[in-house]
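First the structure, in the form of structure tokens, and then the observations on it.
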Amino acid sequence: MGQQDIAIEFKNVSKIYKLKRKDKEVKKDEKTQFFYALKDLSFQVKKGQVLGILGTNGSGKSTMALVLSGIASPDEGEIIVNGEQALVAINTGLNKQLTGLENIELKGALLGLSKKRVQEIVDGVIEFAEIGDFLYQPVKKYSSGMKSRLGFSINLCLNPEIMIIDEALSVGDKSFAKKCLDRMQELKEDGKTIVFISHSLPQVQEFCDSAMWLEGGKMREYGDIDTVCEHYAEYIETYNTLTKAQKKAERDEKFKERIIKDRKPGLFDRLFG
Ligand SMILES: Nc1ncnc2c1ncn2[C@@H]1O[C@H](COP(=O)(O)OP(=O)(O)OP(=O)(O)O)[C@@H](O)[C@H]1O
């Protein structure tokens, strides 16, 4: 496979977050900790590939969407993206003070689009989002379903080569989710590269041709859709048989593995100094 066939490449990518601990038993100098939201991920996504990202709460899926779309940058490693990418997510990308229309104009200006192109996107959003006069209201007055409709529609109308969808279908009504899925199917048939992050295993399995399973910020498995979904379903089934205390112990154990004990001064000075 040549470099021209690759849409996305991660080379040893890590994302580090700062964590403030308030528990009384934690020593003063350990109140601030750093941990890996994503750890040492290396993989490639081919052009036209439809990749599903699976993982339980806190496994790093949304962080993955942020670094994939360039909203957040990795703290270690390198991400190479060939083609314009757009992120569709519930809570990112929209300015709450601005109206829906102003959000489209702002996005167009940031991307350097012509007036004509922006008008085409506005027309497309009016048709697809079906939010009526709310387009002229500030986004802070929108319900989460409306925000998702607007965000999804803007990104669809931008027609990006790489589309990253983070849980955008989990809010709003079923008929709109169906309309989005139909549109995503068209994008897939058009050969666009799609990264689809969802809590719904059946949705991922139906729509994607490959899957990545994230666990504790690390890649547990990456490959053919049916194989990864089967292993993930088995894991979830076993996990669901655990008691509350066992689940908590497992979560705590995984979290400990993500904490960075060895503070590399250079890195931390650069990140947080
Ligand atoms: N801005 C932030 N600052 C500090 N920690 C963060 C931040 N964003 C996320 N985290 C933490 O990073 C880890 C990964 O979070 P992320 O949201 O990527 O997981 P997720 O798989 O999308 O979870 P969920 O399914 O619950 O949405 C979690 O432990 C989360 O609490």
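Ligands are numbered from 1 in the order shown, chains are lettered A, B, ... in the order of the structure tokens, and residues start at 1 in each chain.
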Report the closest atom pair, with its distance in Å rounded to one decimal, for each residue of chain A that has an atom no farther than 6 Å from ligand 1; count only C-alpha atoms and all ligand atoms, sort by chain and then rising residue number, and write it as CSV.
residue,atom,partner,partner_atom_place_in_ligand_line,distance
A:Tyr17,CA,ligand 1,4 (C),4.7
A:Lys18,CA,ligand 1,4 (C),5.4
A:Leu19,CA,ligand 1,4 (C),5.7
A:Ala37,CA,ligand 1,12 (O),4.5
A:Gly55,CA,ligand 1,21 (O),5.9
A:Thr56,CA,ligand 1,25 (O),5.6
A:Asn57,CA,ligand 1,26 (O),3.5
A:Gly58,CA,ligand 1,19 (O),3.4
A:Ser59,CA,ligand 1,21 (O),3.8
A:Gly60,CA,ligand 1,18 (O),3.2
A:Lys61,CA,ligand 1,21 (O),3.8
A:Ser62,CA,ligand 1,22 (O),3.7
A:Thr63,CA,ligand 1,18 (O),3.7
Written selection (N, CA and C atoms) as a PDB file, in the first residue's frame:
ATOM      1  N   TYR A  17      -3.481  14.121  29.928  1.00  0.00           N
ATOM      2  CA  TYR A  17      -4.314  15.103  30.618  1.00  0.00           C
ATOM      3  C   TYR A  17      -3.819  15.278  32.048  1.00  0.00           C
ATOM      4  N   LYS A  18      -4.164  16.443  32.556  1.00  0.00           N
ATOM      5  CA  LYS A  18      -3.804  16.763  33.945  1.00  0.00           C
ATOM      6  C   LYS A  18      -5.011  16.418  34.801  1.00  0.00           C
ATOM      7  N   LEU A  19      -4.756  15.847  35.951  1.00  0.00           N
ATOM      8  CA  LEU A  19      -5.856  15.427  36.807  1.00  0.00           C
ATOM      9  C   LEU A  19      -5.639  15.993  38.202  1.00  0.00           C
ATOM     10  N   ALA A  37      -4.597   9.791  28.372  1.00  0.00           N
ATOM     11  CA  ALA A  37      -5.954   9.586  27.845  1.00  0.00           C
ATOM     12  C   ALA A  37      -5.846   8.656  26.638  1.00  0.00           C
ATOM     13  N   GLY A  55     -15.325   1.065  22.722  1.00  0.00           N
ATOM     14  CA  GLY A  55     -14.627   1.112  24.007  1.00  0.00           C
ATOM     15  C   GLY A  55     -15.601   1.550  25.084  1.00  0.00           C
ATOM     16  N   THR A  56     -15.342   1.108  26.302  1.00  0.00           N
ATOM     17  CA  THR A  56     -16.252   1.463  27.392  1.00  0.00           C
ATOM     18  C   THR A  56     -16.005   2.913  27.815  1.00  0.00           C
ATOM     19  N   ASN A  57     -16.786   3.406  28.783  1.00  0.00           N
ATOM     20  CA  ASN A  57     -16.647   4.794  29.249  1.00  0.00           C
ATOM     21  C   ASN A  57     -15.225   5.091  29.680  1.00  0.00           C
ATOM     22  N   GLY A  58     -14.720   6.216  29.205  1.00  0.00           N
ATOM     23  CA  GLY A  58     -13.397   6.656  29.620  1.00  0.00           C
ATOM     24  C   GLY A  58     -12.248   5.975  28.897  1.00  0.00           C
ATOM     25  N   SER A  59     -12.548   5.167  27.894  1.00  0.00           N
ATOM     26  CA  SER A  59     -11.464   4.432  27.216  1.00  0.00           C
ATOM     27  C   SER A  59     -10.653   5.316  26.272  1.00  0.00           C
ATOM     28  N   GLY A  60     -11.184   6.518  25.947  1.00  0.00           N
ATOM     29  CA  GLY A  60     -10.403   7.439  25.116  1.00  0.00           C
ATOM     30  C   GLY A  60     -11.030   7.746  23.754  1.00  0.00           C
ATOM     31  N   LYS A  61     -12.270   7.329  23.544  1.00  0.00           N
ATOM     32  CA  LYS A  61     -12.896   7.489  22.218  1.00  0.00           C
ATOM     33  C   LYS A  61     -13.036   8.964  21.809  1.00  0.00           C
ATOM     34  N   SER A  62     -13.553   9.787  22.730  1.00  0.00           N
ATOM     35  CA  SER A  62     -13.752  11.202  22.363  1.00  0.00           C
ATOM     36  C   SER A  62     -12.421  11.923  22.214  1.00  0.00           C
ATOM     37  N   THR A  63     -11.450  11.533  23.031  1.00  0.00           N
ATOM     38  CA  THR A  63     -10.116  12.123  22.891  1.00  0.00           C
ATOM     39  C   THR A  63      -9.559  11.771  21.516  1.00  0.00           C
TER      40      THR A  63
END
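When the distance limit is 7 Å and only C-alpha atoms are what count, the residues near range 97-103 of chain A, minus those fewer than 6 positions from it on the same chain, are Leu135, Tyr136, Gln137, Pro138, Val139 and Lys140 of chain A.
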If you count only C-alpha atoms, which residues fall within 9 Å of Gly83 in chain A, apart from same-chain ones fewer than 2 positions away, as a PDB file with N, CA and C atoms, in the first residue's frame?
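So the final result, stored in result-v4.pdb, reads:
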ATOM      1  N   ALA A   7      -5.279   7.530   4.435  1.00  0.00           N
ATOM      2  CA  ALA A   7      -5.975   8.775   4.804  1.00  0.00           C
ATOM      3  C   ALA A   7      -5.437   9.306   6.138  1.00  0.00           C
ATOM      4  N   ILE A   8      -5.214   8.383   7.074  1.00  0.00           N
ATOM      5  CA  ILE A   8      -4.785   8.795   8.419  1.00  0.00           C
ATOM      6  C   ILE A   8      -3.691   7.850   8.903  1.00  0.00           C
ATOM      7  N   VAL A  81      -2.470  13.331   8.300  1.00  0.00           N
ATOM      8  CA  VAL A  81      -3.804  13.242   7.700  1.00  0.00           C
ATOM      9  C   VAL A  81      -3.717  13.710   6.255  1.00  0.00           C
ATOM     10  N   GLN A  85     -10.487  17.043   6.960  1.00  0.00           N
ATOM     11  CA  GLN A  85     -11.291  16.241   7.859  1.00  0.00           C
ATOM     12  C   GLN A  85     -12.294  17.130   8.585  1.00  0.00           C
ATOM     13  N   PRO A 160     -16.551  16.759   3.478  1.00  0.00           N
ATOM     14  CA  PRO A 160     -15.119  16.509   3.689  1.00  0.00           C
ATOM     15  C   PRO A 160     -14.692  15.143   3.163  1.00  0.00           C
ATOM     16  N   GLU A 161     -13.391  15.013   2.935  1.00  0.00           N
ATOM     17  CA  GLU A 161     -12.905  13.711   2.477  1.00  0.00           C
ATOM     18  C   GLU A 161     -12.866  12.694   3.627  1.00  0.00           C
ATOM     19  N   ILE A 162     -12.643  13.246   4.824  1.00  0.00           N
ATOM     20  CA  ILE A 162     -12.580  12.364   5.998  1.00  0.00           C
ATOM     21  C   ILE A 162     -13.608  12.859   7.019  1.00  0.00           C
TER      22      ILE A 162
END
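For the pair CA of Val122 in chain A and CA of Phe207 in chain A, the separation is 27.8 Å.
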request  = Would you please give, as a VMD selection string, all residues of range 15-247 of chain A that DSSP assigns to strand (DSSP E or B) based on the backbone?
outcome  = chain A and resid 15 to 20 32 to 46 50 to 54 76 to 81 85 to 89 99 138 162 to 166 193 to 197 210 to 215 218 to 224
ask   = Would you give me, as a VMD selection string, the residues in range 134-167 of chain A that DSSP reads as helix (DSSP H, G or I)?
value = chain A and resid 134 to 136 139 to 141 144 to 158
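For the pair CA of Leu110 in chain A and CA of Ser69 in chain A, the interatomic distance is 14.7 Å.
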request  = Quick one: everything within 8 Å of range 72-80 of chain A, counting only C-alpha atoms, minus sequence neighbours fewer than 2 positions away in the same chain. Send it as a ChimeraX atom specification.
outcome  = /A:8-16,40,66-70,82,271
remark   = Min atom-atom distance to Ile126 in chain A from the set A:Ser200, A:Ser42, A:Ser153, A:Thr243, counting only C-alpha atoms, belongs to A:Ser153
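The nearest approach to Pro202 in chain A among the residues A:Ile104, A:Ile6, A:Leu54, A:Leu214, with only C-alpha atoms taken into account, belongs to A:Leu54.
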What's around Leu111 in chain A at 12 Å? Count only C-alpha atoms, leave out sequence neighbours fewer than 5 positions away in its own chain, and write the answer as a CSV table (one decimal) with N, CA and C atoms, in the first residue's frame.
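Writing the result to result-v9.csv gives the following:
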chain,number,residue,atom,x,y,z
A,84,GLU,N,-9.0,16.8,3.8
A,84,GLU,CA,-9.7,17.6,4.7
A,84,GLU,C,-10.5,16.7,5.7
A,85,GLN,N,-10.5,17.0,7.0
A,85,GLN,CA,-11.3,16.2,7.9
A,85,GLN,C,-12.3,17.1,8.6
A,86,ALA,N,-13.4,16.6,9.0
A,86,ALA,CA,-14.4,17.3,9.7
A,86,ALA,C,-14.9,16.5,10.8
A,104,ILE,N,-22.3,28.9,10.7
A,104,ILE,CA,-21.9,28.4,9.4
A,104,ILE,C,-21.0,29.4,8.7
A,105,GLU,N,-21.3,30.7,8.8
A,105,GLU,CA,-20.5,31.8,8.2
A,105,GLU,C,-19.1,31.8,8.8
A,106,LEU,N,-19.0,31.6,10.2
A,106,LEU,CA,-17.7,31.6,10.8
A,106,LEU,C,-16.9,30.4,10.4
A,117,ARG,N,-19.8,29.4,-1.9
A,117,ARG,CA,-19.8,28.1,-1.3
A,117,ARG,C,-20.5,28.1,0.1
A,118,VAL,N,-20.3,29.2,0.8
A,118,VAL,CA,-20.9,29.4,2.1
A,118,VAL,C,-22.5,29.4,1.9
A,158,LEU,N,-20.3,20.3,4.1
A,158,LEU,CA,-18.9,20.7,3.8
A,158,LEU,C,-18.3,19.6,2.9
A,160,PRO,N,-16.6,16.8,3.5
A,160,PRO,CA,-15.1,16.5,3.7
A,160,PRO,C,-14.7,15.1,3.2
Compile the contact shell of Ile197 in chain A as a short mmCIF file (atom, residue, chain, number, x, y, z; two decimals) with C-alpha atoms, in the first residue's frame: residues with an atom at most 9 Å away, counting only C-alpha atoms, same-chain residues fewer than 5 positions apart removed.
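Final output, selection.cif:
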data_model
loop_
_atom_site.label_atom_id
_atom_site.label_comp_id
_atom_site.auth_asym_id
_atom_site.auth_seq_id
_atom_site.Cartn_x
_atom_site.Cartn_y
_atom_site.Cartn_z
CA LEU A 51 -13.61 2.46 10.85
CA GLY A 52 -15.67 2.05 14.01
CA ILE A 53 -14.17 2.95 17.38
CA LEU A 54 -15.42 0.92 20.32
CA LYS A 61 -12.90 7.49 22.22
CA SER A 62 -13.75 11.20 22.36
CA ALA A 65 -12.03 12.15 17.88
CA ILE A 164 -15.24 11.78 12.03
CA ILE A 165 -18.52 11.14 13.81
CA ASP A 166 -18.53 11.07 17.60
CA GLU A 167 -21.79 9.94 19.18
CA ALA A 168 -23.69 12.50 17.12
CA VAL A 204 -20.92 0.03 14.37
#
request  = Go ahead and compute the interatomic distance for CA of Phe128 in chain A and CA of Val195 in chain A, in Å to one decimal.
outcome  = 21.1 Å
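Taking only C-alpha atoms into account, Lys107 in chain A lies nearest to A:Gly151 out of the set A:Gly151, A:Trp213, A:Gln49, A:Gln246.
Closest to Ser144 in chain A among A:Leu94, A:Cys180, A:Leu187, A:Met163 is A:Leu94, based on only C-alpha atoms.
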ask   = From the set A:His231, A:Tyr239, A:Asp23, A:Gly48, which residue has the shortest atom-to-atom contact distance to Thr193 in chain A, counting only C-alpha atoms?
value = A:Gly48
